[in-house]
Amino acid sequence: MLVLCTFLWSTAGVVTRASSVTNGWEAAFWRSLFLCAVVAALMIAQHRGAAARMLVSMGWPGLVSSLAWAAMFTCFMLALSRTTVANALILQGLMPFCAALAGWLVLHERVAARTWVAMAAATAGIAVMFQDALGSGNLAGSLIALVVPLAAAVNTVAVKLGRGRVDLVPALLVGGALSALLALPLAAPFTASGRDLALFGTLAVFQLALPCVLLVRIVLPRLSAAEIGLLSLLEVVLGPLWVWLAYGEHPGAAALGGGAVVLAALAVNEAIALAVEKRAAPLSRSFS
């Protein structure tokens with residue numbers, strides 16, 4: 001399920017490049033506004049009159065999650081407008097360390113040795129990619145993109161802490177609203193055409209709402225923060241790949257090589273995890 005979420009997230013760059021909107025603030029506004037509409041419709045369809053009360057019952061985990069979503073929604077679109085897709089996504093490779101450290105410090109989650117090794121290998125691959133991106137990317141875009149993994153780690157911890165007590169899907173709605181309000185003053189003059197609005201609406205449904213709801217309700221309760229961060233690295237590789245294939249925005253040989261290292265680290269880590277799980281299953285059945 002997390003791999004599916006990562007695949008959907010990775011489409012942001014290729015869809016955004018298809019738009020004629022060049023102002024990152026306007027792009028962030030439209031995507032966030034459509035996200036609010038989608039999540040609000042989902043909540044009303046599922047909970048009807050109780051939907052409004054759910055916003056109030058989120059508590060402090062919901063507030064923290066909302067602020068983190070808003071930071072991610074806004075900063076990612078701003079980064080895409082200031083640098084290449086590859087460079088914007090490369091810094092998200094810090095997510096495993098941010099998530100693992102946050103989970104370890106706050107949630108007291110154990111991080112397996114194999115996961116630390118895999119993260120170190122993946123980070124080496126990202127360092128290779130980043131070295132290539134520094135020469136062609138924009139420093140401002142890179143610094144803005146750096147906010148995304150930090151906010152994602154905070155969001156992971158907040159959602160896991162609030163799980164079971166409150167439904168944090170409404171935090172998506174509040175986060176989208178905050179992002180839209182933040183971007184609105186700087187989004188004018190609006191230049192989006194009907195085609196652009198259709199593209200941003202598509203992003204809101206398939207690149208944001210669907211994977212984020214799956215993340216909150218299915219993935220986060222079942223995986224550790226470190227595992228979520230590690231598997232999320234797939235977006236770092238897939239995002240630039242789609243843009244390269246569609247628009248010829250070549251990520252460079254170093255970025256491709258680093259991406260191969262990231263994929264290898266992911267594959268080895270998950271293969272070991274599956275082997276350990278299969279080995280533990282017979283023991284569990286024998287004790288039961």
# chains A, B, ... in the order shown; residues from 1 in each chain; ligands from 1
$ residues_around --residues "segment 170-187 of chain A" --least-positions-apart "5" --cutoff "7 Å" --atoms "only C-alpha atoms" --output "list in words"
Asn23, Trp25, Glu26, Ala28, Phe29, Ser32, Leu33, Leu35, Cys36, Val39, Ala40, Met54, Leu55, Gly62, Ser65, Ser66, Leu67, Trp69, Ala70, Phe73 and Thr74 of chain A
$ residues_around --residues "Arg82 of chain A" --least-positions-apart "2" --cutoff "12 Å" --atoms "only C-alpha atoms" --output "PDB file with all heavy atoms, in the first residue's frame"
ATOM      1  N   THR A  22       3.456  29.134 -13.945  1.00  0.00           N
ATOM      2  CA  THR A  22       4.865  29.192 -13.541  1.00  0.00           C
ATOM      3  C   THR A  22       5.047  29.745 -12.126  1.00  0.00           C
ATOM      4  O   THR A  22       6.127  29.611 -11.556  1.00  0.00           O
ATOM      5  CB  THR A  22       5.660  30.072 -14.519  1.00  0.00           C
ATOM      6  OG1 THR A  22       5.077  31.387 -14.569  1.00  0.00           O
ATOM      7  CG2 THR A  22       5.654  29.470 -15.918  1.00  0.00           C
ATOM      8  N   ASN A  23       4.011  30.354 -11.573  1.00  0.00           N
ATOM      9  CA  ASN A  23       4.072  30.883 -10.206  1.00  0.00           C
ATOM     10  C   ASN A  23       3.794  29.749  -9.231  1.00  0.00           C
ATOM     11  O   ASN A  23       2.681  29.208  -9.185  1.00  0.00           O
ATOM     12  CB  ASN A  23       3.046  32.014 -10.042  1.00  0.00           C
ATOM     13  CG  ASN A  23       3.104  32.639  -8.654  1.00  0.00           C
ATOM     14  OD1 ASN A  23       3.854  32.208  -7.775  1.00  0.00           O
ATOM     15  ND2 ASN A  23       2.314  33.679  -8.450  1.00  0.00           N
ATOM     16  N   GLY A  24       4.812  29.387  -8.445  1.00  0.00           N
ATOM     17  CA  GLY A  24       4.647  28.293  -7.502  1.00  0.00           C
ATOM     18  C   GLY A  24       3.568  28.536  -6.475  1.00  0.00           C
ATOM     19  O   GLY A  24       2.900  27.601  -6.020  1.00  0.00           O
ATOM     20  N   TRP A  25       3.358  29.802  -6.103  1.00  0.00           N
ATOM     21  CA  TRP A  25       2.313  30.131  -5.133  1.00  0.00           C
ATOM     22  C   TRP A  25       0.934  29.848  -5.719  1.00  0.00           C
ATOM     23  O   TRP A  25       0.054  29.334  -5.025  1.00  0.00           O
ATOM     24  CB  TRP A  25       2.419  31.598  -4.720  1.00  0.00           C
ATOM     25  CG  TRP A  25       3.609  31.913  -3.879  1.00  0.00           C
ATOM     26  CD1 TRP A  25       4.734  32.574  -4.263  1.00  0.00           C
ATOM     27  CD2 TRP A  25       3.799  31.568  -2.503  1.00  0.00           C
ATOM     28  NE1 TRP A  25       5.618  32.661  -3.212  1.00  0.00           N
ATOM     29  CE2 TRP A  25       5.067  32.046  -2.120  1.00  0.00           C
ATOM     30  CE3 TRP A  25       3.027  30.885  -1.562  1.00  0.00           C
ATOM     31  CZ2 TRP A  25       5.581  31.885  -0.833  1.00  0.00           C
ATOM     32  CZ3 TRP A  25       3.523  30.715  -0.278  1.00  0.00           C
ATOM     33  CH2 TRP A  25       4.787  31.211   0.075  1.00  0.00           C
ATOM     34  N   CYS A  75       5.471  24.037   0.356  1.00  0.00           N
ATOM     35  CA  CYS A  75       6.900  24.074   0.035  1.00  0.00           C
ATOM     36  C   CYS A  75       7.253  23.186  -1.150  1.00  0.00           C
ATOM     37  O   CYS A  75       8.151  23.517  -1.931  1.00  0.00           O
ATOM     38  CB  CYS A  75       7.720  23.672   1.269  1.00  0.00           C
ATOM     39  SG  CYS A  75       7.682  24.908   2.572  1.00  0.00           S
ATOM     40  N   PHE A  76       6.557  22.074  -1.306  1.00  0.00           N
ATOM     41  CA  PHE A  76       6.878  21.201  -2.432  1.00  0.00           C
ATOM     42  C   PHE A  76       6.569  21.878  -3.764  1.00  0.00           C
ATOM     43  O   PHE A  76       7.375  21.833  -4.703  1.00  0.00           O
ATOM     44  CB  PHE A  76       6.122  19.881  -2.317  1.00  0.00           C
ATOM     45  CG  PHE A  76       6.471  18.904  -3.407  1.00  0.00           C
ATOM     46  CD1 PHE A  76       7.744  18.369  -3.490  1.00  0.00           C
ATOM     47  CD2 PHE A  76       5.539  18.535  -4.358  1.00  0.00           C
ATOM     48  CE1 PHE A  76       8.086  17.475  -4.499  1.00  0.00           C
ATOM     49  CE2 PHE A  76       5.858  17.648  -5.369  1.00  0.00           C
ATOM     50  CZ  PHE A  76       7.145  17.120  -5.439  1.00  0.00           C
ATOM     51  N   MET A  77       5.425  22.526  -3.864  1.00  0.00           N
ATOM     52  CA  MET A  77       5.068  23.203  -5.115  1.00  0.00           C
ATOM     53  C   MET A  77       5.983  24.402  -5.365  1.00  0.00           C
ATOM     54  O   MET A  77       6.350  24.687  -6.516  1.00  0.00           O
ATOM     55  CB  MET A  77       3.606  23.642  -5.086  1.00  0.00           C
ATOM     56  CG  MET A  77       2.607  22.500  -4.984  1.00  0.00           C
ATOM     57  SD  MET A  77       2.793  21.257  -6.284  1.00  0.00           S
ATOM     58  CE  MET A  77       2.172  22.153  -7.710  1.00  0.00           C
ATOM     59  N   LEU A  78       6.367  25.106  -4.309  1.00  0.00           N
ATOM     60  CA  LEU A  78       7.303  26.216  -4.477  1.00  0.00           C
ATOM     61  C   LEU A  78       8.656  25.719  -4.960  1.00  0.00           C
ATOM     62  O   LEU A  78       9.294  26.335  -5.824  1.00  0.00           O
ATOM     63  CB  LEU A  78       7.468  26.970  -3.155  1.00  0.00           C
ATOM     64  CG  LEU A  78       6.275  27.784  -2.665  1.00  0.00           C
ATOM     65  CD1 LEU A  78       6.598  28.436  -1.324  1.00  0.00           C
ATOM     66  CD2 LEU A  78       5.889  28.842  -3.688  1.00  0.00           C
ATOM     67  N   ALA A  79       9.107  24.592  -4.397  1.00  0.00           N
ATOM     68  CA  ALA A  79      10.395  24.036  -4.810  1.00  0.00           C
ATOM     69  C   ALA A  79      10.368  23.625  -6.277  1.00  0.00           C
ATOM     70  O   ALA A  79      11.331  23.850  -7.017  1.00  0.00           O
ATOM     71  CB  ALA A  79      10.757  22.849  -3.928  1.00  0.00           C
ATOM     72  N   LEU A  80       9.251  23.022  -6.726  1.00  0.00           N
ATOM     73  CA  LEU A  80       9.140  22.596  -8.117  1.00  0.00           C
ATOM     74  C   LEU A  80       9.225  23.771  -9.084  1.00  0.00           C
ATOM     75  O   LEU A  80       9.685  23.615 -10.221  1.00  0.00           O
ATOM     76  CB  LEU A  80       7.824  21.846  -8.346  1.00  0.00           C
ATOM     77  CG  LEU A  80       7.727  20.409  -7.836  1.00  0.00           C
ATOM     78  CD1 LEU A  80       6.373  19.816  -8.197  1.00  0.00           C
ATOM     79  CD2 LEU A  80       8.846  19.546  -8.401  1.00  0.00           C
ATOM     80  N   THR A  84      14.744  21.872 -10.543  1.00  0.00           N
ATOM     81  CA  THR A  84      14.312  20.692 -11.284  1.00  0.00           C
ATOM     82  C   THR A  84      13.542  19.749 -10.358  1.00  0.00           C
ATOM     83  O   THR A  84      13.682  19.803  -9.127  1.00  0.00           O
ATOM     84  CB  THR A  84      15.512  19.935 -11.868  1.00  0.00           C
ATOM     85  OG1 THR A  84      16.328  19.440 -10.794  1.00  0.00           O
ATOM     86  CG2 THR A  84      16.338  20.837 -12.766  1.00  0.00           C
ATOM     87  N   VAL A  85      12.751  18.878 -10.972  1.00  0.00           N
ATOM     88  CA  VAL A  85      12.017  17.885 -10.197  1.00  0.00           C
ATOM     89  C   VAL A  85      12.990  16.988  -9.433  1.00  0.00           C
ATOM     90  O   VAL A  85      12.770  16.656  -8.268  1.00  0.00           O
ATOM     91  CB  VAL A  85      11.111  17.041 -11.123  1.00  0.00           C
ATOM     92  CG1 VAL A  85      10.463  15.893 -10.352  1.00  0.00           C
ATOM     93  CG2 VAL A  85      10.040  17.920 -11.748  1.00  0.00           C
ATOM     94  N   ALA A  86      14.088  16.596 -10.107  1.00  0.00           N
ATOM     95  CA  ALA A  86      15.073  15.737  -9.460  1.00  0.00           C
ATOM     96  C   ALA A  86      15.641  16.403  -8.218  1.00  0.00           C
ATOM     97  O   ALA A  86      15.737  15.797  -7.144  1.00  0.00           O
ATOM     98  CB  ALA A  86      16.195  15.386 -10.439  1.00  0.00           C
ATOM     99  N   ASN A  87      16.020  17.672  -8.331  1.00  0.00           N
ATOM    100  CA  ASN A  87      16.604  18.368  -7.196  1.00  0.00           C
ATOM    101  C   ASN A  87      15.590  18.565  -6.074  1.00  0.00           C
ATOM    102  O   ASN A  87      15.929  18.468  -4.894  1.00  0.00           O
ATOM    103  CB  ASN A  87      17.158  19.726  -7.653  1.00  0.00           C
ATOM    104  CG  ASN A  87      18.161  20.312  -6.680  1.00  0.00           C
ATOM    105  OD1 ASN A  87      18.916  19.575  -6.062  1.00  0.00           O
ATOM    106  ND2 ASN A  87      18.163  21.620  -6.548  1.00  0.00           N
ATOM    107  N   ALA A  88      14.343  18.845  -6.443  1.00  0.00           N
ATOM    108  CA  ALA A  88      13.304  19.033  -5.425  1.00  0.00           C
ATOM    109  C   ALA A  88      13.055  17.743  -4.648  1.00  0.00           C
ATOM    110  O   ALA A  88      12.774  17.781  -3.443  1.00  0.00           O
ATOM    111  CB  ALA A  88      12.014  19.510  -6.077  1.00  0.00           C
ATOM    112  N   SER A 136      23.348  22.323 -11.138  1.00  0.00           N
ATOM    113  CA  SER A 136      22.295  22.802 -12.036  1.00  0.00           C
ATOM    114  C   SER A 136      21.052  23.301 -11.306  1.00  0.00           C
ATOM    115  O   SER A 136      20.242  24.015 -11.885  1.00  0.00           O
ATOM    116  CB  SER A 136      21.870  21.670 -12.993  1.00  0.00           C
ATOM    117  OG  SER A 136      21.453  20.544 -12.243  1.00  0.00           O
ATOM    118  N   GLY A 137      20.881  22.924 -10.050  1.00  0.00           N
ATOM    119  CA  GLY A 137      19.686  23.309  -9.312  1.00  0.00           C
ATOM    120  C   GLY A 137      19.815  24.698  -8.701  1.00  0.00           C
ATOM    121  O   GLY A 137      20.867  25.331  -8.721  1.00  0.00           O
ATOM    122  N   ASN A 138      18.712  25.162  -8.150  1.00  0.00           N
ATOM    123  CA  ASN A 138      18.656  26.474  -7.520  1.00  0.00           C
ATOM    124  C   ASN A 138      18.725  26.306  -6.012  1.00  0.00           C
ATOM    125  O   ASN A 138      18.026  25.484  -5.437  1.00  0.00           O
ATOM    126  CB  ASN A 138      17.355  27.168  -7.929  1.00  0.00           C
ATOM    127  CG  ASN A 138      17.249  28.554  -7.340  1.00  0.00           C
ATOM    128  OD1 ASN A 138      16.898  28.708  -6.180  1.00  0.00           O
ATOM    129  ND2 ASN A 138      17.565  29.562  -8.131  1.00  0.00           N
ATOM    130  N   LEU A 139      19.587  27.104  -5.367  1.00  0.00           N
ATOM    131  CA  LEU A 139      19.775  26.964  -3.926  1.00  0.00           C
ATOM    132  C   LEU A 139      18.490  27.258  -3.171  1.00  0.00           C
ATOM    133  O   LEU A 139      18.152  26.554  -2.216  1.00  0.00           O
ATOM    134  CB  LEU A 139      20.889  27.896  -3.449  1.00  0.00           C
ATOM    135  CG  LEU A 139      21.184  27.869  -1.943  1.00  0.00           C
ATOM    136  CD1 LEU A 139      21.596  26.470  -1.511  1.00  0.00           C
ATOM    137  CD2 LEU A 139      22.268  28.888  -1.597  1.00  0.00           C
ATOM    138  N   ALA A 140      17.751  28.286  -3.596  1.00  0.00           N
ATOM    139  CA  ALA A 140      16.496  28.624  -2.918  1.00  0.00           C
ATOM    140  C   ALA A 140      15.515  27.462  -3.013  1.00  0.00           C
ATOM    141  O   ALA A 140      14.857  27.107  -2.028  1.00  0.00           O
ATOM    142  CB  ALA A 140      15.886  29.883  -3.530  1.00  0.00           C
ATOM    143  N   GLY A 141      15.412  26.853  -4.192  1.00  0.00           N
ATOM    144  CA  GLY A 141      14.531  25.705  -4.352  1.00  0.00           C
ATOM    145  C   GLY A 141      14.938  24.547  -3.464  1.00  0.00           C
ATOM    146  O   GLY A 141      14.085  23.858  -2.896  1.00  0.00           O
ATOM    147  N   SER A 142      16.239  24.331  -3.320  1.00  0.00           N
ATOM    148  CA  SER A 142      16.726  23.242  -2.474  1.00  0.00           C
ATOM    149  C   SER A 142      16.402  23.491  -1.009  1.00  0.00           C
ATOM    150  O   SER A 142      16.006  22.576  -0.283  1.00  0.00           O
ATOM    151  CB  SER A 142      18.242  23.071  -2.654  1.00  0.00           C
ATOM    152  OG  SER A 142      18.557  22.719  -3.974  1.00  0.00           O
ATOM    153  N   LEU A 143      16.587  24.733  -0.568  1.00  0.00           N
ATOM    154  CA  LEU A 143      16.296  25.054   0.829  1.00  0.00           C
ATOM    155  C   LEU A 143      14.806  24.921   1.128  1.00  0.00           C
ATOM    156  O   LEU A 143      14.419  24.441   2.201  1.00  0.00           O
ATOM    157  CB  LEU A 143      16.780  26.469   1.151  1.00  0.00           C
ATOM    158  CG  LEU A 143      18.300  26.673   1.131  1.00  0.00           C
ATOM    159  CD1 LEU A 143      18.640  28.138   1.356  1.00  0.00           C
ATOM    160  CD2 LEU A 143      18.970  25.795   2.190  1.00  0.00           C
ATOM    161  N   ILE A 144      13.963  25.337   0.175  1.00  0.00           N
ATOM    162  CA  ILE A 144      12.519  25.183   0.359  1.00  0.00           C
ATOM    163  C   ILE A 144      12.145  23.706   0.394  1.00  0.00           C
ATOM    164  O   ILE A 144      11.325  23.276   1.209  1.00  0.00           O
ATOM    165  CB  ILE A 144      11.757  25.916  -0.756  1.00  0.00           C
ATOM    166  CG1 ILE A 144      11.972  27.436  -0.635  1.00  0.00           C
ATOM    167  CG2 ILE A 144      10.263  25.608  -0.697  1.00  0.00           C
ATOM    168  CD1 ILE A 144      11.425  28.234  -1.798  1.00  0.00           C
ATOM    169  N   ALA A 145      12.764  22.921  -0.506  1.00  0.00           N
ATOM    170  CA  ALA A 145      12.476  21.484  -0.549  1.00  0.00           C
ATOM    171  C   ALA A 145      12.894  20.788   0.742  1.00  0.00           C
ATOM    172  O   ALA A 145      12.319  19.764   1.116  1.00  0.00           O
ATOM    173  CB  ALA A 145      13.191  20.850  -1.739  1.00  0.00           C
TER     174      ALA A 145
END
$ atom_distance --atom1 "atom CA of Leu208 of chain A" --atom2 "atom CA of Asn155 of chain A"
14.7 Å
$ residues_around --residues "Ala122 of chain A" --least-positions-apart "3" --cutoff "12 Å" --atoms "only C-alpha atoms" --output "PDB file with N, CA and C atoms, in the first residue's frame"
ATOM      1  N   ILE A  90      15.269  15.105  -4.406  1.00  0.00           N
ATOM      2  CA  ILE A  90      16.458  14.510  -3.804  1.00  0.00           C
ATOM      3  C   ILE A  90      16.515  14.772  -2.302  1.00  0.00           C
ATOM      4  N   LEU A  91      16.208  16.000  -1.908  1.00  0.00           N
ATOM      5  CA  LEU A  91      16.289  16.334  -0.484  1.00  0.00           C
ATOM      6  C   LEU A  91      15.258  15.587   0.342  1.00  0.00           C
ATOM      7  N   GLN A  92      14.226  15.048  -0.294  1.00  0.00           N
ATOM      8  CA  GLN A  92      13.279  14.226   0.449  1.00  0.00           C
ATOM      9  C   GLN A  92      13.924  12.909   0.885  1.00  0.00           C
ATOM     10  N   GLY A  93      15.091  12.616   0.331  1.00  0.00           N
ATOM     11  CA  GLY A  93      15.817  11.437   0.774  1.00  0.00           C
ATOM     12  C   GLY A  93      16.259  11.509   2.221  1.00  0.00           C
ATOM     13  N   LEU A  94      16.210  12.715   2.802  1.00  0.00           N
ATOM     14  CA  LEU A  94      16.512  12.836   4.232  1.00  0.00           C
ATOM     15  C   LEU A  94      15.381  12.315   5.093  1.00  0.00           C
ATOM     16  N   MET A  95      14.231  12.037   4.489  1.00  0.00           N
ATOM     17  CA  MET A  95      13.060  11.589   5.237  1.00  0.00           C
ATOM     18  C   MET A  95      13.326  10.359   6.102  1.00  0.00           C
ATOM     19  N   PRO A  96      14.054   9.317   5.634  1.00  0.00           N
ATOM     20  CA  PRO A  96      14.275   8.151   6.501  1.00  0.00           C
ATOM     21  C   PRO A  96      14.966   8.497   7.807  1.00  0.00           C
ATOM     22  N   PHE A  97      16.026   9.330   7.732  1.00  0.00           N
ATOM     23  CA  PHE A  97      16.714   9.689   8.959  1.00  0.00           C
ATOM     24  C   PHE A  97      15.836  10.547   9.852  1.00  0.00           C
ATOM     25  N   THR A 115      17.791  -1.743   8.764  1.00  0.00           N
ATOM     26  CA  THR A 115      17.188  -0.501   8.288  1.00  0.00           C
ATOM     27  C   THR A 115      18.181   0.647   8.355  1.00  0.00           C
ATOM     28  N   TRP A 116      18.988   0.688   9.433  1.00  0.00           N
ATOM     29  CA  TRP A 116      20.016   1.719   9.519  1.00  0.00           C
ATOM     30  C   TRP A 116      21.023   1.570   8.380  1.00  0.00           C
ATOM     31  N   VAL A 117      21.418   0.321   8.096  1.00  0.00           N
ATOM     32  CA  VAL A 117      22.381   0.081   7.016  1.00  0.00           C
ATOM     33  C   VAL A 117      21.781   0.490   5.675  1.00  0.00           C
ATOM     34  N   ALA A 118      20.506   0.119   5.462  1.00  0.00           N
ATOM     35  CA  ALA A 118      19.850   0.469   4.205  1.00  0.00           C
ATOM     36  C   ALA A 118      19.720   1.979   4.056  1.00  0.00           C
ATOM     37  N   MET A 119      19.408   2.675   5.143  1.00  0.00           N
ATOM     38  CA  MET A 119      19.295   4.129   5.086  1.00  0.00           C
ATOM     39  C   MET A 119      20.640   4.766   4.780  1.00  0.00           C
ATOM     40  N   GLY A 125      23.571   7.094  -1.972  1.00  0.00           N
ATOM     41  CA  GLY A 125      23.047   7.282  -3.316  1.00  0.00           C
ATOM     42  C   GLY A 125      22.487   8.674  -3.513  1.00  0.00           C
ATOM     43  N   ILE A 126      21.803   9.179  -2.500  1.00  0.00           N
ATOM     44  CA  ILE A 126      21.230  10.521  -2.590  1.00  0.00           C
ATOM     45  C   ILE A 126      22.327  11.574  -2.615  1.00  0.00           C
ATOM     46  N   ALA A 127      23.429  11.331  -1.895  1.00  0.00           N
ATOM     47  CA  ALA A 127      24.554  12.263  -1.912  1.00  0.00           C
ATOM     48  C   ALA A 127      25.134  12.375  -3.316  1.00  0.00           C
ATOM     49  N   VAL A 128      25.208  11.241  -4.018  1.00  0.00           N
ATOM     50  CA  VAL A 128      25.681  11.258  -5.400  1.00  0.00           C
ATOM     51  C   VAL A 128      24.734  12.075  -6.272  1.00  0.00           C
ATOM     52  N   MET A 129      23.426  11.871  -6.078  1.00  0.00           N
ATOM     53  CA  MET A 129      22.428  12.617  -6.837  1.00  0.00           C
ATOM     54  C   MET A 129      22.506  14.112  -6.511  1.00  0.00           C
ATOM     55  N   GLY A 229       9.690   6.025   6.060  1.00  0.00           N
ATOM     56  CA  GLY A 229      10.645   6.941   5.447  1.00  0.00           C
ATOM     57  C   GLY A 229      11.490   6.268   4.392  1.00  0.00           C
ATOM     58  N   LEU A 230      11.902   5.026   4.649  1.00  0.00           N
ATOM     59  CA  LEU A 230      12.758   4.318   3.705  1.00  0.00           C
ATOM     60  C   LEU A 230      12.008   4.000   2.415  1.00  0.00           C
ATOM     61  N   LEU A 231      10.803   3.445   2.531  1.00  0.00           N
ATOM     62  CA  LEU A 231      10.038   3.106   1.333  1.00  0.00           C
ATOM     63  C   LEU A 231       9.614   4.357   0.555  1.00  0.00           C
ATOM     64  N   SER A 232       9.453   5.456   1.270  1.00  0.00           N
ATOM     65  CA  SER A 232       9.070   6.693   0.602  1.00  0.00           C
ATOM     66  C   SER A 232      10.162   7.218  -0.328  1.00  0.00           C
ATOM     67  N   LEU A 233      11.380   6.686  -0.194  1.00  0.00           N
ATOM     68  CA  LEU A 233      12.468   7.080  -1.080  1.00  0.00           C
ATOM     69  C   LEU A 233      12.188   6.714  -2.529  1.00  0.00           C
ATOM     70  N   LEU A 234      11.254   5.812  -2.756  1.00  0.00           N
ATOM     71  CA  LEU A 234      10.898   5.478  -4.131  1.00  0.00           C
ATOM     72  C   LEU A 234      10.456   6.718  -4.911  1.00  0.00           C
ATOM     73  N   VAL A 236      11.714   9.617  -4.696  1.00  0.00           N
ATOM     74  CA  VAL A 236      12.907  10.334  -5.122  1.00  0.00           C
ATOM     75  C   VAL A 236      13.388   9.835  -6.479  1.00  0.00           C
ATOM     76  N   VAL A 237      13.207   8.544  -6.731  1.00  0.00           N
ATOM     77  CA  VAL A 237      13.663   7.949  -7.983  1.00  0.00           C
ATOM     78  C   VAL A 237      12.593   8.049  -9.066  1.00  0.00           C
ATOM     79  N   GLY A 257      22.667   7.177 -11.387  1.00  0.00           N
ATOM     80  CA  GLY A 257      23.465   6.225 -10.616  1.00  0.00           C
ATOM     81  C   GLY A 257      23.077   6.211  -9.144  1.00  0.00           C
ATOM     82  N   GLY A 258      22.881   7.409  -8.592  1.00  0.00           N
ATOM     83  CA  GLY A 258      22.454   7.482  -7.196  1.00  0.00           C
ATOM     84  C   GLY A 258      21.087   6.866  -6.995  1.00  0.00           C
ATOM     85  N   GLY A 259      20.196   7.069  -7.977  1.00  0.00           N
ATOM     86  CA  GLY A 259      18.873   6.457  -7.886  1.00  0.00           C
ATOM     87  C   GLY A 259      18.931   4.945  -7.887  1.00  0.00           C
ATOM     88  N   ALA A 260      19.862   4.389  -8.663  1.00  0.00           N
ATOM     89  CA  ALA A 260      20.030   2.937  -8.685  1.00  0.00           C
ATOM     90  C   ALA A 260      20.474   2.412  -7.319  1.00  0.00           C
ATOM     91  N   VAL A 261      21.347   3.176  -6.637  1.00  0.00           N
ATOM     92  CA  VAL A 261      21.798   2.782  -5.296  1.00  0.00           C
ATOM     93  C   VAL A 261      20.624   2.808  -4.319  1.00  0.00           C
ATOM     94  N   VAL A 262      19.782   3.846  -4.436  1.00  0.00           N
ATOM     95  CA  VAL A 262      18.609   3.957  -3.560  1.00  0.00           C
ATOM     96  C   VAL A 262      17.688   2.749  -3.754  1.00  0.00           C
ATOM     97  N   LEU A 263      17.393   2.416  -5.010  1.00  0.00           N
ATOM     98  CA  LEU A 263      16.524   1.276  -5.301  1.00  0.00           C
ATOM     99  C   LEU A 263      17.120  -0.025  -4.776  1.00  0.00           C
ATOM    100  N   ALA A 264      18.433  -0.187  -4.922  1.00  0.00           N
ATOM    101  CA  ALA A 264      19.086  -1.403  -4.427  1.00  0.00           C
ATOM    102  C   ALA A 264      18.964  -1.505  -2.909  1.00  0.00           C
ATOM    103  N   ALA A 265      19.153  -0.382  -2.215  1.00  0.00           N
ATOM    104  CA  ALA A 265      19.027  -0.385  -0.754  1.00  0.00           C
ATOM    105  C   ALA A 265      17.617  -0.758  -0.327  1.00  0.00           C
ATOM    106  N   LEU A 266      16.615  -0.214  -1.018  1.00  0.00           N
ATOM    107  CA  LEU A 266      15.222  -0.540  -0.721  1.00  0.00           C
ATOM    108  C   LEU A 266      14.950  -2.024  -0.934  1.00  0.00           C
ATOM    109  N   ALA A 267      15.407  -2.545  -2.065  1.00  0.00           N
ATOM    110  CA  ALA A 267      15.130  -3.935  -2.408  1.00  0.00           C
ATOM    111  C   ALA A 267      15.768  -4.893  -1.407  1.00  0.00           C
ATOM    112  N   VAL A 268      17.023  -4.636  -1.038  1.00  0.00           N
ATOM    113  CA  VAL A 268      17.719  -5.512  -0.097  1.00  0.00           C
ATOM    114  C   VAL A 268      17.063  -5.460   1.276  1.00  0.00           C
ATOM    115  N   ASN A 269      16.725  -4.257   1.736  1.00  0.00           N
ATOM    116  CA  ASN A 269      16.092  -4.120   3.054  1.00  0.00           C
ATOM    117  C   ASN A 269      14.772  -4.875   3.121  1.00  0.00           C
TER     118      ASN A 269
END
$ closest_residue --among "A:Glu109, A:Glu235, A:Asp196, A:Glu227" --to "Phe7 of chain A" --atoms "only C-alpha atoms"
A:Glu235
$ select_by_dssp --residues "segment 76-287 of chain A" --states "helix (DSSP H, G or I)" --output "VMD selection string"
chain A and resid 76 to 82 85 to 106 113 to 136 139 to 162 169 to 187 194 to 219 225 to 231 234 to 247 253 to 287
$ closest_residue --among "A:Val159, A:Ile272, A:Leu241, A:Ala113" --to "Ile218 of chain A" --atoms "only C-alpha atoms"
A:Val159
$ closest_residue --among "A:Cys5, A:Leu146, A:Val14, A:Ala52" --to "Leu245 of chain A" --atoms "only C-alpha atoms"
A:Val14
$ closest_residue --among "A:Val169, A:Ala37, A:Ala99, A:Val15" --to "Cys212 of chain A" --atoms "only C-alpha atoms"
A:Val169
$ atom_distance --atom1 "atom CA of Val157 of chain A" --atom2 "atom CA of Gly103 of chain A"
6.4 Å
$ atom_distance --atom1 "atom CA of Val38 of chain A" --atom2 "atom CA of Trp244 of chain A"
29.5 Å
$ residues_around --residues "Lys160 of chain A" --least-positions-apart "6" --cutoff "9 Å" --atoms "only C-alpha atoms" --output "PyMOL selection string"
chain A and resi 61+107+216+220-221+225
